[in-house]
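Have a look at the structure below, then the notes.
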Amino acid sequence: MMNRPIIALDFSTMAEVERFLTKFDEPLFVKVGMELYLQNGPAVIREIRAMGHDVFLDLKLHDIPNTVGKAMAGLASLDVQMTNVHAQGGSSMMKRAAESFKYHNPDGILIAVTQLTSTSEEMMQQEQKSILSLEESVAHYAQLAKDSGLDGVVSSPLESRLIHAHCGDDFLTVTPGIRLNEDSKDDQVRVVTPARAHALGSDYIVVGRSVTKASNPVAQYSRVKEEWESGEE
Ligand SMILES: O=c1ccn([C@@H]2O[C@H](COP(=O)(O)O)[C@@H](O)[C@H]2O)c(=O)[nH]1
């Protein structure tokens with residue numbers, strides 16, 4: 001069975017979140033990112049969990065190992081199903097994050113961001129002065145995350161096959177950069193449709209504005225889910 005699409009709740013206030021979530025009459029898997037968490041704090045997680053939804057807390061921690069390990073202990077106690085760090089923080093940082101997260105939340109999923117879906121190969125080479133191709137860099141960070149004890153990575157679906165080939169089918173690919181055919185890319189660079197993400201073997205898709213900005217979010221979510229599950233546009 002396919003995992004539910006994860007809906008990115010990129011709102012500023014809890015009132016907006018409540019208005020959005022009360023439209024749905026099923027338990028969802030939602031993502032709380034920096035916009036919502038940094039303006040509202042841990043209370044948003046408690047409220048969303050109390051409504052019966054699963055939560056991916058997407059704060060992309062990236063700091064020295066001690067700081068990330070201690071911060072992760074706090075996040076893990078929030079009863080979230082998934083959270084993340086930035087793989088570019090390195091293996092020591094990821095190992096400390098994994099030890100801390102798994103100790104407090106043994107059933108939770110810990111993943112690492114490889115290269116943001118708003119990053120292109122040109123940006124990597126010109127701005128990060130990377131000598132690797134985008135795919136080489138994603139594969140490298142995925143392997144580093146696996147070796148550090150993490151459960152999977154964030155990438156575009158365009159790299160899901162490559163990650164599974166390097167790290168195995170059980171290593172999770174959690175993939176934003178999802179757009180329906182008629183949608184604008186906005187600030188994203190590496191985008192595909194839900195059906196294409198299915199064909200490319202992603203384990204999870206993360207969908208934000210396609211659903212949250214739709215005139216009928218419930219109908220749009222059903223369409224995303226149907227495409228994702230069937231693999232057909
Ligand atoms: O590489 C990444 C990592 C995280 N994200 C997050 O996913 C959603 C995508 O939102 P859309 O509106 O569907 O573009 C957003 O919360 C990002 O912070 C990502 O896009 N890419």
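Residue numbers start at 1 in each chain; chains themselves are named A, B, ... in the order of the structure tokens; ligands are numbered from 1 in the order shown.
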
Could you list, as a PyMOL selection string, every residue within 9 Å of region 220-223 of chain A, counting only C-alpha atoms and ignoring same-chain residues fewer than 2 positions away? chain A and resi 5+7+207+210-212+214-218+225-228

Write down as a ChimeraX atom specification the residues belonging to region 84-117 of chain A that are assigned strand (DSSP E or B) by DSSP computed on the backbone. /A:84-86,109-113

How would the residues just chosen look if you wrote them out with N, CA and C atoms as a compact mmCIF listing (two decimals), in the first residue's frame?
# COMPACT_ATOMS: atom_id res chain seq x y z
N ASN A 84 13.75 15.72 10.64
CA ASN A 84 14.93 15.69 9.77
C ASN A 84 16.06 16.61 10.21
N VAL A 85 17.21 16.34 9.60
CA VAL A 85 18.41 17.17 9.74
C VAL A 85 18.90 17.44 8.33
N HIS A 86 19.95 18.27 8.23
CA HIS A 86 20.55 18.52 6.92
C HIS A 86 21.80 17.65 6.79
N ILE A 109 10.71 8.21 12.41
CA ILE A 109 11.55 8.15 11.21
C ILE A 109 12.44 9.39 11.18
N LEU A 110 13.74 9.18 11.07
CA LEU A 110 14.68 10.31 10.98
C LEU A 110 15.34 10.30 9.61
N ILE A 111 15.23 11.44 8.91
CA ILE A 111 15.77 11.52 7.55
C ILE A 111 16.67 12.75 7.43
N ALA A 112 17.41 12.82 6.31
CA ALA A 112 18.32 13.96 6.09
C ALA A 112 18.08 14.56 4.71
N VAL A 113 18.15 15.88 4.65
CA VAL A 113 18.02 16.57 3.36
C VAL A 113 19.34 16.42 2.60

Which residues, written as a PyMOL selection string, have at least one atom at most 6 Å from region 22-31 of chain A, with only C-alpha atoms counted and residues fewer than 2 positions away on the same chain left out? chain A and resi 6-9+18-20+52-57

Protein and nucleic acid residues within 6 Å of ligand 1 (only C-alpha atoms and all ligand atoms) as a PDB file with N, CA and C atoms, in the first residue's frame:
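Final output, saved to part-v7.pdb:
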ATOM      1  N   ALA A   8       2.144  19.740   3.156  1.00  0.00           N
ATOM      2  CA  ALA A   8       2.960  20.766   3.830  1.00  0.00           C
ATOM      3  C   ALA A   8       2.052  21.897   4.315  1.00  0.00           C
ATOM      4  N   ASP A  10       2.189  24.978   5.210  1.00  0.00           N
ATOM      5  CA  ASP A  10       2.982  26.206   5.233  1.00  0.00           C
ATOM      6  C   ASP A  10       2.065  27.404   5.452  1.00  0.00           C
ATOM      7  N   GLY A  33       6.587  22.928   9.018  1.00  0.00           N
ATOM      8  CA  GLY A  33       7.925  23.441   8.697  1.00  0.00           C
ATOM      9  C   GLY A  33       8.252  24.678   9.508  1.00  0.00           C
ATOM     10  N   LEU A 116      18.386  20.456  -1.674  1.00  0.00           N
ATOM     11  CA  LEU A 116      17.023  21.002  -1.721  1.00  0.00           C
ATOM     12  C   LEU A 116      16.455  20.930  -3.139  1.00  0.00           C
ATOM     13  N   THR A 117      15.144  20.742  -3.222  1.00  0.00           N
ATOM     14  CA  THR A 117      14.504  20.655  -4.547  1.00  0.00           C
ATOM     15  C   THR A 117      14.463  22.009  -5.269  1.00  0.00           C
ATOM     16  N   SER A 155      14.847  14.244  -1.075  1.00  0.00           N
ATOM     17  CA  SER A 155      15.421  14.598  -2.376  1.00  0.00           C
ATOM     18  C   SER A 155      14.251  14.870  -3.298  1.00  0.00           C
ATOM     19  N   PRO A 176       9.666  16.058  -1.824  1.00  0.00           N
ATOM     20  CA  PRO A 176       8.906  17.251  -2.202  1.00  0.00           C
ATOM     21  C   PRO A 176       9.185  17.590  -3.682  1.00  0.00           C
ATOM     22  N   GLY A 177       8.761  18.809  -4.093  1.00  0.00           N
ATOM     23  CA  GLY A 177       8.946  19.166  -5.507  1.00  0.00           C
ATOM     24  C   GLY A 177       7.870  18.482  -6.341  1.00  0.00           C
ATOM     25  N   ILE A 178       6.649  18.417  -5.791  1.00  0.00           N
ATOM     26  CA  ILE A 178       5.537  17.756  -6.480  1.00  0.00           C
ATOM     27  C   ILE A 178       4.599  18.823  -7.058  1.00  0.00           C
ATOM     28  N   VAL A 206       5.706  14.854  -0.780  1.00  0.00           N
ATOM     29  CA  VAL A 206       5.331  16.000   0.061  1.00  0.00           C
ATOM     30  C   VAL A 206       4.735  17.052  -0.867  1.00  0.00           C
ATOM     31  N   VAL A 207       3.497  17.453  -0.598  1.00  0.00           N
ATOM     32  CA  VAL A 207       2.792  18.401  -1.469  1.00  0.00           C
ATOM     33  C   VAL A 207       2.318  19.584  -0.646  1.00  0.00           C
ATOM     34  N   GLY A 208       2.692  20.790  -1.076  1.00  0.00           N
ATOM     35  CA  GLY A 208       2.252  21.983  -0.357  1.00  0.00           C
ATOM     36  C   GLY A 208       1.245  22.773  -1.157  1.00  0.00           C
ATOM     37  N   ARG A 209       1.753  23.812  -1.863  1.00  0.00           N
ATOM     38  CA  ARG A 209       0.874  24.794  -2.490  1.00  0.00           C
ATOM     39  C   ARG A 209      -0.132  24.222  -3.476  1.00  0.00           C
TER      40      ARG A 209
END

Go through A:Asn40, A:Ser230, A:Asn105, A:Thr114 one by one, measure the shortest atom-to-atom distance of each to His62 (chain A) using only C-alpha atoms, and give the residue with the smallest value.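 Closest to His62 (chain A) of all the choices is A:Thr114.
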
Among listed residues A:Thr175, A:Asn66, A:Gln126, A:Gln115, nearest Val138 (chain A) (using only C-alpha atoms):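 Going through A:Thr175, A:Asn66, A:Gln126, A:Gln115 one by one, the smallest distance to Val138 (chain A) is for A:Gln115.
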
Would you mind writing down, as a VMD selection string, each residue of region 4-80 of chain A that DSSP on the backbone assigns to alpha helix (DSSP H)? chain A and resid 14 to 21 34 to 40 43 to 50 65 to 76

Keeping only C-alpha atoms, write the selected residues as an mmCIF file, in the first residue's frame.
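As written to disk, selection.cif reads:
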data_model
loop_
_atom_site.group_PDB
_atom_site.id
_atom_site.type_symbol
_atom_site.label_atom_id
_atom_site.label_comp_id
_atom_site.auth_asym_id
_atom_site.auth_seq_id
_atom_site.Cartn_x
_atom_site.Cartn_y
_atom_site.Cartn_z
ATOM 1 C CA MET A 14 -2.781 27.969 14.026
ATOM 2 C CA ALA A 15 -6.101 29.554 13.009
ATOM 3 C CA GLU A 16 -5.219 29.039 9.321
ATOM 4 C CA VAL A 17 -4.159 25.445 10.060
ATOM 5 C CA GLU A 18 -7.447 24.726 11.835
ATOM 6 C CA ARG A 19 -9.461 26.281 9.000
ATOM 7 C CA PHE A 20 -7.597 24.064 6.539
ATOM 8 C CA LEU A 21 -7.660 20.800 8.511
ATOM 9 C CA MET A 34 9.820 26.501 9.840
ATOM 10 C CA GLU A 35 7.098 29.024 8.961
ATOM 11 C CA LEU A 36 4.507 27.463 11.262
ATOM 12 C CA TYR A 37 6.757 26.064 14.005
ATOM 13 C CA LEU A 38 8.967 29.111 14.516
ATOM 14 C CA GLN A 39 5.960 31.429 14.864
ATOM 15 C CA ASN A 40 3.831 29.158 17.053
ATOM 16 C CA ALA A 43 1.876 23.843 20.803
ATOM 17 C CA VAL A 44 1.101 23.431 17.082
ATOM 18 C CA ILE A 45 2.390 19.884 17.143
ATOM 19 C CA ARG A 46 0.319 19.006 20.199
ATOM 20 C CA GLU A 47 -2.817 20.508 18.642
ATOM 21 C CA ILE A 48 -2.381 18.751 15.305
ATOM 22 C CA ARG A 49 -1.636 15.420 17.017
ATOM 23 C CA ALA A 50 -4.729 15.879 19.203
ATOM 24 C CA PRO A 65 26.878 17.677 16.667
ATOM 25 C CA ASN A 66 26.343 18.569 20.357
ATOM 26 C CA THR A 67 23.781 21.280 19.570
ATOM 27 C CA VAL A 68 21.839 19.106 17.126
ATOM 28 C CA GLY A 69 21.904 16.098 19.483
ATOM 29 C CA LYS A 70 20.441 18.166 22.336
ATOM 30 C CA ALA A 71 17.878 19.933 20.139
ATOM 31 C CA MET A 72 16.808 16.579 18.718
ATOM 32 C CA ALA A 73 16.041 15.263 22.211
ATOM 33 C CA GLY A 74 13.496 18.078 22.577
ATOM 34 C CA LEU A 75 11.943 17.509 19.153
ATOM 35 C CA ALA A 76 11.739 13.742 19.642
#

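Interatomic distance, CA of Leu200 (chain A) to CA of Lys95 (chain A): 28.7 Å.
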
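Interatomic distance, CA of Leu150 (chain A) against CA of Met94 (chain A): 7.5 Å.
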
In Å, with one decimal, what is the gap from CA of Met82 (chain A) to CA of Gly108 (chain A)?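 Atom-to-atom, CA of Met82 (chain A) to CA of Gly108 (chain A), that is 5.6 Å.
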
So which one's closest to Thr83 (chain A), A:Glu136, A:Asp151, A:Asp187, A:Glu122? Using only C-alpha atoms, please. A:Asp151
